[in-house]
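Undergrad: Okay, so here is model_14.cif, and as you'll see once you scroll down, it has mmCIF, C-alpha atoms and all ligand atoms.
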```cif
data_input
#
loop_
_atom_site.label_atom_id
_atom_site.label_comp_id
_atom_site.auth_asym_id
_atom_site.auth_seq_id
_atom_site.Cartn_x
_atom_site.Cartn_y
_atom_site.Cartn_z
CA MET A 1 135.37 132.84 163.44
CA GLN A 2 138.68 131.79 161.92
CA GLU A 3 138.84 131.91 158.12
CA VAL A 4 139.30 128.51 156.43
CA ASN A 5 142.91 127.66 155.46
CA LYS A 6 144.39 130.76 157.04
CA GLU A 7 146.74 130.37 159.96
CA PRO A 8 145.58 132.47 162.91
CA VAL A 9 147.86 134.97 164.64
CA SER A 10 146.69 136.92 167.70
CA VAL A 11 147.93 140.47 168.10
CA VAL A 12 146.93 141.62 171.57
CA ARG A 13 147.82 144.70 173.55
CA TYR A 14 149.46 143.70 176.81
CA LYS A 15 147.40 145.22 179.62
CA GLU A 16 147.85 143.02 182.65
CA PRO A 17 149.41 139.81 183.89
CA TYR A 18 147.83 136.49 182.96
CA SER A 19 144.63 137.65 181.22
CA SER A 20 146.40 139.40 178.33
CA LEU A 21 148.41 136.28 177.50
CA LYS A 22 145.40 134.00 178.01
CA LYS A 23 143.37 136.07 175.55
CA ALA A 24 146.19 135.99 172.97
CA VAL A 25 146.71 132.22 173.30
CA LEU A 26 143.07 131.15 173.29
CA GLU A 27 141.92 133.45 170.47
CA CYS A 28 144.37 131.88 168.00
CA GLY A 29 143.63 128.34 169.18
CA GLY A 30 147.12 128.15 170.64
CA PHE A 31 146.30 125.20 172.90
CA ASP A 32 144.27 123.24 170.34
CA ARG A 33 147.08 120.70 169.84
CA LEU A 34 147.67 120.26 173.57
CA THR A 35 146.20 117.52 175.68
CA PRO A 36 146.60 117.22 179.45
CA GLY A 37 149.63 115.20 180.47
CA MET A 38 151.80 116.27 177.54
CA GLN A 39 155.45 117.21 177.98
CA VAL A 40 156.02 120.90 177.16
CA PHE A 41 159.33 122.67 176.60
CA ILE A 42 159.46 126.46 177.03
CA LYS A 43 162.30 128.23 175.22
CA PRO A 44 162.70 131.83 176.39
CA ASN A 45 165.25 134.18 174.85
CA ILE A 46 168.11 134.92 177.23
CA VAL A 47 170.58 136.05 174.61
CA PHE A 48 172.98 137.48 177.16
CA TRP A 49 173.60 137.46 180.90
CA THR A 50 176.16 138.90 183.28
CA LYS A 51 176.49 138.48 187.03
CA SER A 52 178.24 141.84 187.38
CA CYS A 53 175.42 144.30 186.80
CA PRO A 54 171.67 144.35 186.22
CA PHE A 55 172.29 145.51 182.58
CA PRO A 56 169.25 146.86 180.69
CA LYS A 57 167.12 143.81 179.91
CA TRP A 58 164.15 145.48 178.22
CA GLY A 59 163.61 144.04 174.77
CA VAL A 60 166.78 141.97 175.13
CA ILE A 61 165.43 138.97 177.02
CA THR A 62 161.98 137.44 177.52
CA THR A 63 160.11 138.91 180.48
CA SER A 64 159.61 136.60 183.44
CA ARG A 65 156.06 137.97 183.53
CA VAL A 66 155.20 136.21 180.26
CA VAL A 67 157.12 133.07 181.26
CA GLU A 68 155.19 132.76 184.54
CA ASP A 69 151.85 133.54 182.89
CA MET A 70 152.52 130.81 180.32
CA VAL A 71 153.37 128.33 183.08
CA ILE A 72 150.11 129.18 184.91
CA LEU A 73 148.08 128.74 181.70
CA LEU A 74 149.71 125.38 181.00
CA LYS A 75 149.12 124.17 184.56
CA GLU A 76 145.46 125.18 184.37
CA PHE A 77 145.22 123.18 181.16
CA GLY A 78 146.49 120.06 182.92
CA ILE A 79 150.11 120.25 181.81
CA ASP A 80 152.39 119.36 184.72
CA ASN A 81 155.49 118.25 182.83
CA ILE A 82 157.03 121.62 181.95
CA THR A 83 160.69 122.30 181.23
CA ILE A 84 162.26 125.71 180.68
CA GLY A 85 165.55 125.48 178.82
CA GLU A 86 168.12 127.93 177.51
CA GLY A 87 171.77 127.76 176.50
CA ILE A 88 173.12 131.12 177.55
CA VAL A 89 176.88 131.32 177.36
CA ALA A 90 179.69 130.53 174.99
CA ASP A 91 181.72 128.62 177.57
CA PRO A 92 179.95 125.33 178.25
CA GLU A 93 181.98 124.96 181.45
CA ASP A 94 180.51 128.14 182.92
CA GLU A 95 177.65 126.88 185.07
CA GLU A 96 177.52 129.92 187.36
CA THR A 97 176.25 132.44 184.82
CA PRO A 98 173.21 130.40 183.70
CA ALA A 99 172.47 129.52 187.34
CA HIS A 100 172.62 133.22 188.25
CA ALA A 101 170.29 134.06 185.34
CA PHE A 102 167.74 131.42 186.33
CA GLU A 103 167.79 132.54 189.96
CA SER A 104 167.56 136.27 189.12
CA LEU A 105 164.76 135.77 186.59
CA GLY A 106 162.74 133.80 189.15
CA TYR A 107 162.93 130.45 187.36
CA ASN A 108 163.87 128.72 190.61
CA THR A 109 160.70 130.17 192.14
CA LEU A 110 158.77 128.73 189.20
CA HIS A 111 160.32 125.38 190.06
CA GLN A 112 159.27 125.65 193.72
CA ARG A 113 155.83 127.08 193.00
CA TYR A 114 154.78 125.05 189.96
CA GLY A 115 157.25 122.14 189.71
CA VAL A 116 158.82 123.48 186.50
CA LYS A 117 162.21 121.98 185.57
CA CYS A 118 164.88 124.50 184.53
CA ILE A 119 167.77 123.24 182.43
CA ASN A 120 170.97 124.71 181.16
CA ILE A 121 171.04 123.34 177.62
CA MET A 122 174.83 123.42 177.57
CA LYS A 123 174.94 120.70 180.25
CA ARG A 124 172.45 118.44 178.47
CA PRO A 125 172.91 115.98 175.59
CA PHE A 126 172.74 117.12 171.97
CA GLU A 127 171.53 115.05 169.04
CA GLU A 128 172.63 115.42 165.45
CA VAL A 129 169.76 116.19 163.11
CA LYS A 130 169.96 115.94 159.34
CA MET A 131 168.12 118.91 157.83
CA ASP A 132 167.35 119.23 154.12
CA ASN A 133 170.23 119.12 151.59
CA GLY A 134 172.27 116.96 153.95
CA VAL A 135 173.05 119.84 156.31
CA LYS A 136 173.43 118.76 159.94
CA LEU A 137 173.12 120.59 163.26
CA LYS A 138 173.19 119.31 166.84
CA PHE A 139 170.05 120.14 168.83
CA ASN A 140 169.27 119.81 172.51
CA ARG A 141 167.67 116.40 173.04
CA ASP A 142 165.14 117.53 175.69
CA ILE A 143 163.40 119.84 173.23
CA LEU A 144 163.37 117.19 170.50
CA GLU A 145 161.75 114.69 172.88
CA SER A 146 159.03 117.09 174.07
CA ASP A 147 155.45 116.88 172.81
CA VAL A 148 155.06 120.62 172.35
CA LEU A 149 157.41 123.58 172.15
CA VAL A 150 156.44 126.97 173.52
CA ASP A 151 158.79 129.34 171.74
CA LEU A 152 159.07 132.62 173.71
CA PRO A 153 161.18 135.11 171.74
CA VAL A 154 161.26 138.88 172.20
CA LEU A 155 159.97 141.41 169.65
CA LYS A 156 163.31 142.65 168.37
CA THR A 157 165.31 143.55 165.31
CA HIS A 158 168.76 142.11 164.67
CA ASN A 159 171.84 143.54 163.01
CA GLN A 160 172.49 140.39 160.97
CA THR A 161 169.09 138.74 160.43
CA VAL A 162 166.94 141.94 160.37
CA VAL A 163 164.53 140.45 162.93
CA SER A 164 165.11 137.95 165.72
CA LEU A 165 161.82 136.23 166.56
CA GLY A 166 160.62 132.63 166.91
CA LEU A 167 162.83 130.99 164.30
CA LYS A 168 165.97 132.83 165.36
CA ASN A 169 165.27 132.07 169.04
CA LEU A 170 165.75 128.38 168.25
CA LYS A 171 169.44 129.01 167.57
CA GLY A 172 169.77 128.86 171.36
CA THR A 173 168.84 125.16 171.24
CA ILE A 174 171.89 124.03 169.24
CA ASN A 175 175.40 123.42 170.50
CA ILE A 176 178.29 125.88 170.18
CA ALA A 177 179.86 124.20 167.14
CA SER A 178 176.51 124.28 165.33
CA ARG A 179 176.02 127.96 166.22
CA LYS A 180 179.38 128.79 164.67
CA LYS A 181 178.51 126.67 161.64
CA CYS A 182 175.36 128.76 161.10
CA HIS A 183 177.60 131.77 160.39
CA SER A 184 179.05 130.05 157.35
CA PRO A 185 180.75 132.01 154.55
CA ASP A 186 179.09 129.72 151.98
CA PRO A 187 176.94 132.03 149.81
CA GLU A 188 174.05 129.56 149.77
CA TYR A 189 174.27 127.75 153.10
CA ASP A 190 174.65 130.95 155.10
CA LEU A 191 173.18 132.27 158.37
CA HIS A 192 169.81 132.98 156.77
CA TYR A 193 169.62 129.49 155.28
CA TYR A 194 170.28 127.86 158.66
CA VAL A 195 167.93 130.12 160.64
CA SER A 196 165.13 129.51 158.16
CA ARG A 197 165.35 125.78 158.92
CA LEU A 198 165.78 125.69 162.69
CA ASP A 199 162.16 124.62 163.17
CA ILE A 200 162.55 121.47 161.04
CA PRO A 201 163.14 119.03 163.92
CA MET A 202 160.91 120.81 166.43
CA PRO A 203 157.76 119.28 167.91
CA PRO A 204 154.45 121.11 167.27
CA ALA A 205 154.92 124.64 168.51
CA LEU A 206 153.24 127.68 169.92
CA ASN A 207 155.09 130.90 169.12
CA VAL A 208 154.55 133.64 171.72
CA ILE A 209 156.41 136.83 170.79
CA ASP A 210 156.89 138.89 173.92
CA GLY A 211 156.52 142.50 172.86
CA ILE A 212 155.96 144.06 176.26
CA TYR A 213 159.34 145.58 175.43
CA SER A 214 160.83 145.70 171.95
CA LEU A 215 164.33 146.41 170.74
CA GLU A 216 165.86 148.41 167.90
CA ARG A 217 169.32 147.47 166.62
CA GLY A 218 169.27 144.24 168.59
CA PRO A 219 169.95 141.66 169.68
CA ALA A 220 171.78 142.98 172.75
CA PHE A 221 171.79 145.70 175.40
CA ASP A 222 173.41 148.35 173.16
CA GLY A 223 170.24 148.65 171.05
CA ARG A 224 167.41 151.08 171.72
CA MET A 225 164.69 149.72 173.99
CA ARG A 226 161.00 150.59 173.79
CA ARG A 227 157.91 149.88 175.84
CA THR A 228 155.58 148.44 173.20
CA ASN A 229 152.97 146.42 175.14
CA LEU A 230 152.15 143.80 172.52
CA LEU A 231 151.81 140.04 172.42
CA VAL A 232 151.90 138.19 169.08
CA VAL A 233 150.86 134.53 169.34
CA SER A 234 150.30 131.74 166.83
CA PRO A 235 150.40 127.95 166.62
CA GLY A 236 152.68 128.52 163.60
CA ILE A 237 156.21 129.75 164.29
CA LEU A 238 156.57 131.23 160.81
CA SER A 239 153.17 132.97 160.84
CA ALA A 240 153.88 134.79 164.11
CA ASP A 241 157.34 135.75 162.80
CA LEU A 242 155.92 137.17 159.57
CA VAL A 243 153.49 139.30 161.57
CA GLY A 244 156.20 140.27 164.08
CA ALA A 245 158.47 141.46 161.27
CA ARG A 246 155.69 143.61 159.86
CA ILE A 247 155.01 145.08 163.31
CA LEU A 248 158.69 145.99 163.53
CA GLY A 249 158.24 147.88 160.25
CA HIS A 250 160.06 145.40 157.99
CA ASP A 251 158.69 143.73 154.86
CA PRO A 252 158.86 140.01 155.73
CA SER A 253 159.51 139.09 152.10
CA GLN A 254 162.77 141.07 152.35
CA VAL A 255 163.90 139.25 155.49
CA SER A 256 165.94 136.45 153.98
CA HIS A 257 165.34 133.73 156.58
CA LEU A 258 161.58 134.42 156.64
CA ALA A 259 161.36 134.48 152.84
CA GLN A 260 163.27 131.18 152.66
CA ALA A 261 161.11 129.58 155.37
CA ALA A 262 157.94 130.71 153.58
CA SER A 263 159.20 129.42 150.25
CA ARG A 264 160.12 126.05 151.78
CA ALA A 265 156.61 125.82 153.23
CA GLY A 266 155.05 126.80 149.89
CA ARG A 267 153.57 129.93 151.44
CA PRO A 268 153.57 133.63 150.56
CA ALA A 269 155.65 135.89 152.83
CA ASP A 270 153.19 138.77 152.66
CA LEU A 271 150.67 137.77 155.39
CA SER A 272 148.01 137.01 152.74
CA ASP A 273 147.47 133.49 154.11
CA ILE A 274 147.32 134.64 157.72
CA GLU A 275 144.25 135.58 159.72
CA ILE A 276 145.06 138.38 162.13
CA ILE A 277 142.95 138.29 165.27
CA GLY A 278 142.86 141.34 167.51
CA GLU A 279 144.71 144.55 166.72
CA ASN A 280 145.18 145.80 163.18
CA VAL A 281 148.85 145.18 162.27
CA GLU A 282 149.26 148.54 160.54
CA ASP A 283 147.90 150.35 163.60
CA VAL A 284 150.43 148.77 165.96
CA SER A 285 153.45 148.62 163.67
CA CYS A 286 156.34 150.94 164.35
CA TYR A 287 159.61 150.98 162.40
CA HIS A 288 162.56 149.60 164.37
CA GLU A 289 165.97 150.11 162.75
CA ASN A 290 167.88 146.87 162.65
CA ASP A 291 171.47 147.90 162.06
CA PHE A 292 174.18 150.39 162.93
CA VAL A 293 175.08 152.75 160.08
CA TYR A 294 178.70 152.74 158.88
CA THR A 295 180.29 155.46 156.77
CA SER A 296 183.11 154.97 154.30
CA ASP A 297 185.41 157.32 152.34
CA ASN A 298 189.12 157.72 151.60
CA SER A 299 189.94 158.67 155.18
CA GLY A 300 188.26 155.68 156.78
CA GLU A 301 185.40 153.27 157.30
CA MET A 302 183.67 152.98 160.66
CA PRO A 303 180.33 153.29 162.49
CA ARG A 304 178.78 156.71 161.92
CA ALA A 305 179.14 157.63 165.59
CA LEU A 306 182.94 157.25 165.34
CA ALA A 307 183.11 159.14 162.05
CA ARG A 308 181.19 162.03 163.63
CA GLN A 309 183.81 162.13 166.35
CA GLY A 310 186.37 162.79 163.59
CA LEU A 311 188.35 159.54 163.66
CA GLU A 312 190.65 159.18 160.63
CA GLY A 313 193.01 156.54 159.29
CA LEU A 314 190.81 153.72 160.57
CA PHE A 315 189.17 151.20 158.24
CA TYR A 316 187.02 149.18 160.62
CA ARG A 317 185.13 147.13 158.03
CA LYS A 318 181.43 146.64 158.67
CA PHE A 319 180.88 143.19 160.18
CA ASP A 320 178.99 140.67 158.07
CA ASP A 321 176.76 137.65 158.72
CA THR A 322 179.73 135.33 159.18
CA MET A 323 180.81 136.86 162.48
CA CYS A 324 179.43 134.64 165.25
CA THR A 325 177.95 135.87 168.50
CA TYR A 326 181.21 135.25 170.38
CA CYS A 327 183.31 137.54 168.18
CA SER A 328 180.34 139.91 167.93
CA SER A 329 180.16 140.66 171.64
CA LEU A 330 183.88 141.44 171.66
CA ASN A 331 183.50 143.62 168.58
CA GLY A 332 181.19 146.08 170.39
CA LEU A 333 183.72 146.44 173.18
CA ILE A 334 186.60 146.99 170.74
CA LEU A 335 184.67 149.78 169.02
CA THR A 336 184.04 151.47 172.37
CA ALA A 337 187.74 151.19 173.22
CA VAL A 338 188.80 152.53 169.80
CA ARG A 339 186.54 155.52 170.24
CA GLN A 340 188.13 156.29 173.60
CA ALA A 341 191.63 155.81 172.18
CA TRP A 342 191.28 158.63 169.65
CA GLN A 343 193.69 161.47 170.41
CA GLY A 344 192.92 163.63 167.37
CA GLN A 345 195.83 162.39 165.23
CA PRO A 346 195.00 160.24 162.17
CA TRP A 347 196.07 156.64 162.49
CA ASN A 348 198.23 154.96 159.87
CA ASP A 349 195.42 153.54 157.69
CA VAL A 350 194.73 150.61 159.99
CA GLU A 351 192.29 148.05 158.59
CA ILE A 352 190.36 145.76 160.94
CA LEU A 353 188.81 142.56 159.58
CA THR A 354 186.31 140.27 161.30
CA GLY A 355 184.17 137.22 160.56
CA LYS A 356 185.08 134.53 158.05
CA LYS A 357 185.18 136.02 154.57
CA MET A 358 186.73 139.50 154.57
CA GLU A 359 189.97 140.05 152.67
CA PRO A 360 192.69 142.66 153.25
CA SER A 361 192.77 145.77 151.04
CA ALA A 362 195.92 146.88 149.29
CA GLY A 363 197.69 150.01 150.50
CA MET A 364 196.86 149.78 154.20
CA GLY A 365 199.51 150.70 156.75
CA ALA A 366 198.52 147.84 159.08
CA THR A 367 195.98 145.02 159.09
CA ILE A 368 194.39 143.65 162.27
CA LEU A 369 192.81 140.21 162.00
CA ILE A 370 190.23 139.48 164.69
CA GLY A 371 189.64 135.79 165.41
CA GLN A 372 190.96 132.46 164.24
CA CYS A 373 188.85 132.49 161.08
CA MET A 374 190.37 135.75 159.84
CA TYR A 375 193.87 134.65 160.76
CA ASN A 376 193.59 131.30 158.99
CA LYS A 377 192.11 132.87 155.88
CA ASN A 378 194.40 135.88 155.49
CA LYS A 379 197.68 135.23 157.31
CA ASP A 380 199.59 134.90 154.02
CA HIS A 381 197.62 137.45 152.02
CA PRO A 382 199.89 139.49 149.75
CA ASN A 383 198.01 142.76 150.41
CA ILE A 384 199.09 142.80 154.05
CA GLN A 385 202.04 145.10 154.80
CA ALA A 386 202.03 144.67 158.57
CA MET A 387 199.83 142.04 160.20
CA PHE A 388 198.62 142.03 163.81
CA ALA A 389 196.33 139.19 164.79
CA ALA A 390 194.23 138.06 167.74
CA LYS A 391 193.95 134.41 166.79
CA GLY A 392 191.60 132.73 169.27
CA CYS A 393 188.08 131.46 168.74
CA PRO A 394 186.83 133.73 170.13
CA PRO A 395 190.03 135.78 170.57
CA ASP A 396 191.42 136.62 173.98
CA PRO A 397 190.53 140.29 174.68
CA TYR A 398 194.09 141.04 175.78
CA GLU A 399 195.44 139.66 172.50
CA VAL A 400 193.15 142.16 170.81
CA VAL A 401 194.66 144.98 172.89
CA GLU A 402 198.15 143.83 171.85
CA ALA A 403 197.19 143.62 168.19
CA PHE A 404 195.90 147.20 168.23
CA ARG A 405 199.01 148.36 170.09
CA GLY A 406 201.13 146.82 167.35
CA ALA A 407 199.15 148.80 164.79
CA GLY A 408 199.64 152.04 166.74
CA ILE A 409 196.27 152.25 168.53
CA GLU A 410 196.49 152.19 172.33
CA LEU A 411 193.29 150.68 173.71
CA ASP A 412 192.51 151.02 177.43
CA ARG A 413 193.19 147.57 178.87
CA GLY A 414 191.05 148.51 181.89
CA LEU A 415 187.94 148.51 179.69
CA PHE A 416 188.63 144.89 178.82
CA ASP A 417 189.18 144.07 182.51
CA GLN A 418 185.68 145.33 183.22
CA VAL A 419 184.01 143.75 180.23
CA ASP A 420 181.27 142.28 182.45
CA LYS A 421 180.34 145.69 183.85
CA LEU A 422 180.13 147.51 180.51
CA PRO A 423 176.48 146.58 179.84
CA GLY A 424 175.52 148.48 183.00
CA PHE A 425 176.61 151.79 181.42
CA PHE A 426 173.62 151.57 179.10
CA LEU A 427 171.23 151.57 182.09
CA SER A 428 171.48 155.33 182.56
CA ARG A 429 169.47 155.90 179.36
CA TYR A 430 166.40 154.41 181.03
CA GLU A 431 166.85 155.39 184.66
CA GLY A 432 163.91 157.21 186.22
CA ASN A 433 161.58 156.26 183.35
CA PRO A 434 158.68 154.33 184.93
CA GLU A 435 157.98 152.54 181.63
CA PHE A 436 161.16 150.55 182.11
CA ASP A 437 160.23 148.36 185.02
CA GLU A 438 162.70 145.76 186.29
CA SER A 439 159.88 143.85 188.03
CA PHE A 440 158.91 142.36 184.64
CA TYR A 441 162.07 140.29 185.01
CA ARG A 442 161.28 138.85 188.43
CA VAL A 443 158.83 136.31 189.81
CA ASP A 444 157.57 137.82 193.05
S1 LIG A 501 186.86 133.13 165.37
FE1 LIG A 501 185.00 134.31 165.71
S2 LIG A 501 183.93 134.21 163.75
FE2 LIG A 501 185.44 132.54 163.74
S3 LIG A 501 184.31 130.73 164.50
FE3 LIG A 501 185.38 131.72 166.23
S4 LIG A 501 183.83 133.05 167.16
FE4 LIG A 501 183.15 132.55 165.05
#
```
Kindly transcribe the structure held in the file into structure tokens.
Ligand code: SF4
TA:
Amino acid sequence: MQEVNKEPVSVVRYKEPYSSLKKAVLECGGFDRLTPGMQVFIKPNIVFWTKSCPFPKWGVITTSRVVEDMVILLKEFGIDNITIGEGIVADPEDEETPAHAFESLGYNTLHQRYGVKCINIMKRPFEEVKMDNGVKLKFNRDILESDVLVDLPVLKTHNQTVVSLGLKNLKGTINIASRKKCHSPDPEYDLHYYVSRLDIPMPPALNVIDGIYSLERGPAFDGRMRRTNLLVVSPGILSADLVGARILGHDPSQVSHLAQAASRAGRPADLSDIEIIGENVEDVSCYHENDFVYTSDNSGEMPRALARQGLEGLFYRKFDDTMCTYCSSLNGLILTAVRQAWQGQPWNDVEILTGKKMEPSAGMGATILIGQCMYNKNKDHPNIQAMFAAKGCPPDPYEVVEAFRGAGIELDRGLFDQVDKLPGFFLSRYEGNPEFDESFYRVD
């Protein structure tokens, strides 16, 4: 029996295809707002894709297992009008990468087998939506016109938003300009503000957090993947997210976008108005780190892994919330290249700045500005002795190599040539471990 006035959230151990998801959905009344004939939009989380290697997907993207099981459940319920939509890549002209993702993940088989439509959001119309306080974002029109949204995020932490669950997954439904806008340097209207409001224009939703695999230090393939075997389901996006955060070992009231969303809804962020059905949250929760640790002293600032290697004379400032996904993915590659470039001789106090709000420090030997935002903000800054900039939005990787060369750091250009293959290097961590099963990402 559900308690009066408490929103139900199912926490179910994933044991087998179909029946585990069915149990989780039905026990929380997940289909109570559905009627046969409705138009349903499924939004999986495909935060990244490459055609060049089968990169480790576990905990990074939604399993095709859960997507297919959801489609079967909907069909059995009399829902025939089902669309799966995702906006995968930064370049809206790139149609091959999303097509490759949909084919590899079995979405084309879902189309043939169940009549599901699969759409690349980047090729579909967007509609401007006025949120509260006059803030506007452009959302995919298909999702706005659907009767019900099935939000299918992954159980993962995130280096900027602490967790990336149902609310954060909706960032994939807005256009590129809106995504960049979300990473605003405005102290009030920042990333957390925007993410906390992404559900405002959505139709009634069912939030299904896919925790068959979970991810530490997400959102991408360089985090640590775990086999977790959980499903967290609720007819309330926020309620499932609050429970998901707790399962990941984080206090939801300290996760800014969740605290803001709860406050806007007039709800507590401590799960006290939620009815948990199934597993005890404390029994299944397991702390997932959300961020990479940086160290800082007089000889440098950098990720701990680089400091342990002994790098000196490098001030690679810790990225902040204003760095968008497109600069972010390049940032990981630059750090890998910097690590390889170290020859044991201290560099000339080279400072690297990213995002939209960092400012150059005085006394640096050279300053590297990554991205158009940094260049526009700091190009005339009096603290800069010698400036080297990669100005694009996002910057051209080879311009980055040149900027570092100017500052006396020789990055291996070959690494940037093979940027698409780099994710595959992380596969070796999981090879031979039967828990990490690629078949979860196929429809056989
Ligand atoms: S330069 Fe980078 S941080 Fe600035 S808008 Fe472009 S992608 Fe975002």
Undergrad: Could I get the residues of chain A with an atom no further than 7 Å from an atom of ligand LIG 501 (chain A), each paired with its nearest atom pair and that distance in Å to one decimal, using only C-alpha atoms and all ligand atoms, sorted by chain and residue number, as a tab-separated table?
TA:
```
residue	atom	partner	partner_atom	distance
A:Lys180	CA	A:LIG501	S3	5.3
A:Thr322	CA	A:LIG501	S2	6.3
A:Met323	CA	A:LIG501	S2	4.3
A:Cys324	CA	A:LIG501	FE4	4.3
A:Thr325	CA	A:LIG501	S4	6.7
A:Tyr326	CA	A:LIG501	S4	4.7
A:Cys327	CA	A:LIG501	FE1	4.4
A:Thr354	CA	A:LIG501	S2	7.0
A:Gly355	CA	A:LIG501	S2	4.4
A:Lys356	CA	A:LIG501	S2	5.8
A:Gly371	CA	A:LIG501	S1	3.8
A:Gln372	CA	A:LIG501	S1	4.3
A:Cys373	CA	A:LIG501	FE2	4.3
A:Gly392	CA	A:LIG501	S1	6.2
A:Cys393	CA	A:LIG501	FE3	3.7
A:Pro394	CA	A:LIG501	S4	4.3
A:Pro395	CA	A:LIG501	S1	6.6
```
Undergrad: I'd like to know which of A:Ile209, A:Leu258, A:Ala101, A:Ile277 is closest to Thr161 in chain A, using all atoms listed in the file.
TA: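 Closest residue, counting all atoms listed in the file: A:Leu258.
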Undergrad: Counting only C-alpha atoms, give me one row per residue of range 88-179 of chain A with an atom at most 12 Å from an atom of range 31-34 of chain A, showing the shortest contact pair and its distance in Å to one decimal, sorted by chain then residue number, as JSON lines.
TA:
```
{"residue": "A:Ser146", "atom": "CA", "partner": "A:Leu34", "partner_atom": "CA", "distance": 11.8}
{"residue": "A:Asp147", "atom": "CA", "partner": "A:Leu34", "partner_atom": "CA", "distance": 8.5}
{"residue": "A:Val148", "atom": "CA", "partner": "A:Leu34", "partner_atom": "CA", "distance": 7.5}
{"residue": "A:Leu149", "atom": "CA", "partner": "A:Leu34", "partner_atom": "CA", "distance": 10.4}
{"residue": "A:Val150", "atom": "CA", "partner": "A:Phe31", "partner_atom": "CA", "distance": 10.3}
```
Undergrad: Please check which residues have atoms at most 8 Å from (177.8, 129.1, 173.2) in the file's coordinates, counting all atoms listed in the file, and write them as number ranges by chain.
TA: A: 87-92, 122, 175-176, 179, 326
Undergrad: Write to file, as a CSV table (one decimal), keeping the file's coordinate frame, the residues of the selection just made, with C-alpha atoms.
TA:
```csv
chain,number,residue,atom,x,y,z
A,87,GLY,CA,171.8,127.8,176.5
A,88,ILE,CA,173.1,131.1,177.6
A,89,VAL,CA,176.9,131.3,177.4
A,90,ALA,CA,179.7,130.5,175.0
A,91,ASP,CA,181.7,128.6,177.6
A,92,PRO,CA,180.0,125.3,178.2
A,122,MET,CA,174.8,123.4,177.6
A,175,ASN,CA,175.4,123.4,170.5
A,176,ILE,CA,178.3,125.9,170.2
A,179,ARG,CA,176.0,128.0,166.2
A,326,TYR,CA,181.2,135.2,170.4
```
Undergrad: From the set A:Leu73, A:Leu152, A:Leu170, A:Ile200, which residue has the shortest atom-to-atom contact distance to Val129 in chain A, counting only C-alpha atoms?
TA: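 Selected residue with least distance to Val129 in chain A: A:Ile200.
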Undergrad: List as a list in words the protein and nucleic acid residues near Gln343 in chain A, meaning an atom at most 12 Å away when all atoms listed in the file are counted, but skip any in the same chain fewer than 3 places from it.
TA: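 Once the nearby chain positions are removed, what remains is Gln309, Gly310, Leu311, Glu312, Val338, Arg339, Gln340, Pro346, Trp347, Gly408, Ile409, Glu410 and Leu411 of chain A.
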Undergrad: Using only C-alpha atoms, can you tell me which of A:Leu198, A:Ile121, A:Phe440, A:Asn133 comes closest to Glu16 in chain A?
TA: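 Among the listed residues, A:Phe440 lies closest to Glu16 in chain A.
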Undergrad: Working from the structure I just supplied, which lacks atoms in range 415-425 of chain A, can you model N, CA and C atoms there and output them as a CSV table (one decimal), in the frame of the given file?
TA:
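File produced: selection-v5.csv:
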```
chain,number,residue,atom,x,y,z
A,415,LEU,N,189.3,148.8,180.2
A,415,LEU,CA,187.9,148.5,179.7
A,415,LEU,C,187.7,147.0,179.5
A,416,PHE,N,188.8,146.3,179.1
A,416,PHE,CA,188.6,144.9,178.8
A,416,PHE,C,188.6,144.1,180.1
A,417,ASP,N,189.3,144.7,181.2
A,417,ASP,CA,189.2,144.1,182.5
A,417,ASP,C,187.8,144.1,183.0
A,418,GLN,N,187.0,145.1,182.7
A,418,GLN,CA,185.7,145.3,183.2
A,418,GLN,C,184.6,145.0,182.2
A,419,VAL,N,184.9,144.1,181.3
A,419,VAL,CA,184.0,143.8,180.2
A,419,VAL,C,182.6,143.4,180.7
A,420,ASP,N,182.6,142.7,181.9
A,420,ASP,CA,181.3,142.3,182.4
A,420,ASP,C,180.4,143.5,182.9
A,421,LYS,N,181.1,144.6,183.3
A,421,LYS,CA,180.3,145.7,183.8
A,421,LYS,C,179.9,146.7,182.8
A,422,LEU,N,180.5,146.6,181.6
A,422,LEU,CA,180.1,147.5,180.5
A,422,LEU,C,178.6,147.6,180.2
A,423,PRO,N,177.9,146.5,180.2
A,423,PRO,CA,176.5,146.6,179.8
A,423,PRO,C,175.7,147.5,180.8
A,424,GLY,N,176.2,147.6,182.0
A,424,GLY,CA,175.5,148.5,183.0
A,424,GLY,C,175.5,150.0,182.6
A,425,PHE,N,176.5,150.4,181.8
A,425,PHE,CA,176.6,151.8,181.4
A,425,PHE,C,175.4,152.2,180.6
```
